[in-house]
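J.: Submitted below is the structure of interest, expressed as structure tokens.
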Amino acid sequence: MKSLFDTSVNLEIIGRINKLTSGSKAEWGKMTVSQMLSHCRVPLESAFGEVKLKRNPIGVLLGPIAKKSIFKDEPFKKNLPTDKNFIFKDDRNFDEEKIKLTEKVQKFAASGPDGITKDPHPFFGKLTVNQWDMLMWKHLDHHLRQFGV
């Protein structure tokens, strides 16, 4: 599995982000490209401990079960359910959101494993640094594929 801590993989993700335009259309789902950029930024902020999200009661029950399938070495499926904390329905400034997401992706490599929170994930619960890394890479890859890059 690819790692956002790896500089070349990190640059690959940023290159894919840079291929997006304000007119990029989703191949599935309801988000605009600007909403997707915001949606992808918040989990990274959660991984750094910058955003503190409460454990979801459903996640407490189902998180350990879902965790087993989410960490398989395969891409996320289309149209998975989304936590309400990661949904943005308002209009977003594409250029600003692109910069913010790129900065968070860069921070992931720059901060390394020591930059990852010890707090539990709001749905999956306790994660290792490697699981946070895998989850963030797979999530970014999923949404970049959603928009054709």
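Residues in the structure tokens are named by chain (A, B, ... in the order shown) and by number from 1 within that chain; ligands are numbered from 1 in the order shown.
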As a PyMOL selection string, please: every residue in chain A that a backbone DSSP assignment puts in alpha helix (DSSP H).
T.: chain A and resi 7-18+33-48+57-70+94-111+129-146
J.: Applying 9 Å and only C-alpha atoms, which residues near region 47-58 of chain A remain after dropping the ones on its own chain fewer than 3 positions away? List them as a tab-separated table (two decimals) with C-alpha atoms, in the first residue's frame.
T.:
```tsv
chain	number	residue	atom	x	y	z
A	42	VAL	CA	-10.99	17.54	7.25
A	43	PRO	CA	-9.91	13.89	7.72
A	44	LEU	CA	-6.28	15.00	7.35
A	61	LEU	CA	-20.64	-0.48	17.47
A	62	LEU	CA	-19.82	-0.95	13.79
A	63	GLY	CA	-16.37	0.65	13.54
A	83	ASP	CA	-19.90	11.07	8.19
A	85	ASN	CA	-18.72	16.06	9.80
A	108	PHE	CA	1.62	14.74	6.23
A	115	GLY	CA	2.63	14.33	13.53
A	116	ILE	CA	-0.24	11.83	13.74
A	117	THR	CA	-2.71	12.07	16.61
A	118	LYS	CA	-3.11	9.48	19.32
A	119	ASP	CA	-6.82	10.35	19.44
A	120	PRO	CA	-9.26	7.73	18.15
A	121	HIS	CA	-10.82	8.06	14.71
A	122	PRO	CA	-14.48	9.18	15.11
A	123	PHE	CA	-15.80	6.03	13.40
A	124	PHE	CA	-13.04	3.39	13.44
A	125	GLY	CA	-11.70	4.08	16.92
A	132	TRP	CA	-4.03	6.51	9.71
A	133	ASP	CA	-1.58	6.72	6.80
A	136	MET	CA	-5.70	8.99	4.38
```
J.: As a compact mmCIF listing (two decimals) with N, CA and C atoms, in the first residue's frame, please: the residues near Met1 (chain A) (cut-off 9 Å, only C-alpha atoms, same-chain neighbours under 2 positions excluded).
T.:
```
# COMPACT_ATOMS: atom_id res chain seq x y z
N SER A 3 2.12 5.11 0.79
CA SER A 3 2.19 5.87 2.03
C SER A 3 2.36 7.36 1.75
N ASP A 73 -6.18 -4.34 1.14
CA ASP A 73 -5.34 -3.74 0.11
C ASP A 73 -6.12 -3.62 -1.21
N GLU A 74 -7.21 -2.86 -1.15
CA GLU A 74 -8.02 -2.61 -2.35
C GLU A 74 -8.65 -1.23 -2.22
N MET A 134 -2.62 4.76 5.83
CA MET A 134 -3.33 4.00 4.81
C MET A 134 -4.71 4.59 4.55
N TRP A 137 -4.39 7.92 2.60
CA TRP A 137 -4.03 7.71 1.20
C TRP A 137 -5.22 7.13 0.41
N LYS A 138 -5.86 6.12 0.97
CA LYS A 138 -6.98 5.49 0.28
C LYS A 138 -8.13 6.48 0.08
```
J.: So which residues touch Leu80 (chain A) within 12 Å, counting only C-alpha atoms, skipping near sequence neighbours fewer than 2 positions away, as a list in words?
T.: Trp28, Gly29, Lys30, Ala66, Ile70, Pro75, Phe76, Lys77, Lys78, Thr82, Asp83, His139, His142, His143 and Gln146 of chain A
J.: Please produce an output containing N, CA and C atoms for each residue in the selection, written as a short mmCIF file (atom, residue, chain, number, x, y, z; two decimals), in the first residue's frame.
T.:
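The new file selection-v7.cif reads:
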```cif
data_model
loop_
_atom_site.label_atom_id
_atom_site.label_comp_id
_atom_site.auth_asym_id
_atom_site.auth_seq_id
_atom_site.Cartn_x
_atom_site.Cartn_y
_atom_site.Cartn_z
N TRP A 28 -19.10 9.89 -9.99
CA TRP A 28 -20.15 9.37 -9.13
C TRP A 28 -20.29 10.32 -7.94
N GLY A 29 -21.38 10.20 -7.21
CA GLY A 29 -21.60 11.00 -6.02
C GLY A 29 -22.18 12.38 -6.32
N LYS A 30 -22.40 13.16 -5.27
CA LYS A 30 -23.11 14.43 -5.37
C LYS A 30 -22.22 15.65 -5.16
N ALA A 66 -16.23 -2.65 10.46
CA ALA A 66 -15.88 -1.96 9.21
C ALA A 66 -14.38 -1.80 9.05
N ILE A 70 -12.02 -2.02 5.62
CA ILE A 70 -11.48 -0.76 5.10
C ILE A 70 -9.97 -0.83 4.92
N PRO A 75 -8.97 -0.59 -3.34
CA PRO A 75 -9.56 0.76 -3.28
C PRO A 75 -10.92 0.75 -2.62
N PHE A 76 -11.31 1.91 -2.09
CA PHE A 76 -12.65 2.06 -1.54
C PHE A 76 -13.68 1.91 -2.64
N LYS A 77 -14.83 1.36 -2.27
CA LYS A 77 -15.93 1.23 -3.22
C LYS A 77 -16.61 2.59 -3.41
N LYS A 78 -17.28 2.75 -4.52
CA LYS A 78 -18.02 3.98 -4.80
C LYS A 78 -19.22 4.10 -3.86
N THR A 82 -21.01 8.69 4.20
CA THR A 82 -20.10 9.75 4.64
C THR A 82 -20.56 10.31 5.97
N ASP A 83 -19.62 10.44 6.90
CA ASP A 83 -19.90 11.07 8.19
C ASP A 83 -20.33 12.51 7.95
N HIS A 139 -8.38 7.33 1.08
CA HIS A 139 -9.45 8.30 0.98
C HIS A 139 -9.16 9.32 -0.13
N HIS A 142 -9.43 7.63 -3.53
CA HIS A 142 -10.84 7.40 -3.84
C HIS A 142 -11.48 8.63 -4.46
N HIS A 143 -11.28 9.78 -3.82
CA HIS A 143 -11.94 10.99 -4.31
C HIS A 143 -11.25 11.58 -5.53
N GLN A 146 -12.69 9.65 -8.17
CA GLN A 146 -14.07 10.10 -8.35
C GLN A 146 -14.12 11.25 -9.37
#
```
J.: When distances are computed from only C-alpha atoms, which of A:Ile99, A:Ala109, A:Met31, A:Ile13 shows the smallest separation from Asp141 (chain A)?
T.: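 Smallest distance to Asp141 (chain A) is found for A:Ile13.
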J.: My list of candidates is A:Ser24, A:Asn10, A:Asn130, A:Ser38. Which is closest to Lys107 (chain A) when distances are computed with only C-alpha atoms?
T.: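 Selected residue with least distance to Lys107 (chain A): A:Asn10.
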J.: Looking at A:Lys67, A:Lys25, A:Lys89, A:Arg16, which one is nearest to Leu101 (chain A), with distances taken over only C-alpha atoms?
T.: A:Arg16
J.: Interatomic distance between CA of Leu37 (chain A) and CA of Asp114 (chain A)?
T.: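 Separation of CA of Leu37 (chain A) and CA of Asp114 (chain A): 24.6 Å.
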J.: Which residues come within 9 Å of Lys98 (chain A), counting only C-alpha atoms, excluding same-chain residues fewer than 3 positions away, as a short mmCIF file (atom, residue, chain, number, x, y, z; two decimals) with N, CA, C and O atoms, in the first residue's frame?
T.:
```cif
data_model
loop_
_atom_site.label_atom_id
_atom_site.label_comp_id
_atom_site.auth_asym_id
_atom_site.auth_seq_id
_atom_site.Cartn_x
_atom_site.Cartn_y
_atom_site.Cartn_z
N ILE A 17 -3.99 16.25 -7.52
CA ILE A 17 -4.81 17.38 -7.07
C ILE A 17 -4.65 18.54 -8.06
O ILE A 17 -5.63 19.20 -8.42
N ASN A 18 -3.43 18.77 -8.51
CA ASN A 18 -3.16 19.89 -9.43
C ASN A 18 -3.77 19.69 -10.81
O ASN A 18 -3.91 20.65 -11.57
N LEU A 20 -6.84 18.80 -11.17
CA LEU A 20 -8.24 19.20 -11.03
C LEU A 20 -8.41 20.64 -11.49
O LEU A 20 -7.52 21.46 -11.34
N SER A 34 -15.02 21.43 -5.55
CA SER A 34 -14.62 22.27 -4.41
C SER A 34 -15.06 21.65 -3.08
O SER A 34 -14.31 21.66 -2.10
N LEU A 37 -12.71 18.80 -2.26
CA LEU A 37 -11.43 19.24 -1.71
C LEU A 37 -11.56 19.53 -0.22
O LEU A 37 -10.70 19.14 0.58
N SER A 38 -12.65 20.18 0.19
CA SER A 38 -12.91 20.44 1.61
C SER A 38 -13.13 19.13 2.35
O SER A 38 -12.60 18.93 3.45
N ASN A 93 -14.70 28.05 -2.51
CA ASN A 93 -13.77 28.64 -3.46
C ASN A 93 -12.77 27.57 -3.88
O ASN A 93 -11.97 27.09 -3.06
N PHE A 94 -12.81 27.18 -5.15
CA PHE A 94 -11.98 26.10 -5.64
C PHE A 94 -10.49 26.33 -5.37
O PHE A 94 -9.80 25.46 -4.84
N ASP A 95 -9.98 27.50 -5.75
CA ASP A 95 -8.55 27.77 -5.61
C ASP A 95 -8.11 27.72 -4.14
O ASP A 95 -7.06 27.15 -3.83
N LEU A 101 -5.94 21.93 0.83
CA LEU A 101 -5.75 20.48 0.78
C LEU A 101 -4.29 20.15 0.47
O LEU A 101 -3.69 19.28 1.11
N THR A 102 -3.71 20.83 -0.49
CA THR A 102 -2.32 20.58 -0.85
C THR A 102 -1.40 20.80 0.36
O THR A 102 -0.49 20.00 0.61
N GLU A 103 -1.65 21.86 1.11
CA GLU A 103 -0.85 22.13 2.30
C GLU A 103 -0.96 21.01 3.33
O GLU A 103 0.03 20.63 3.95
#
```
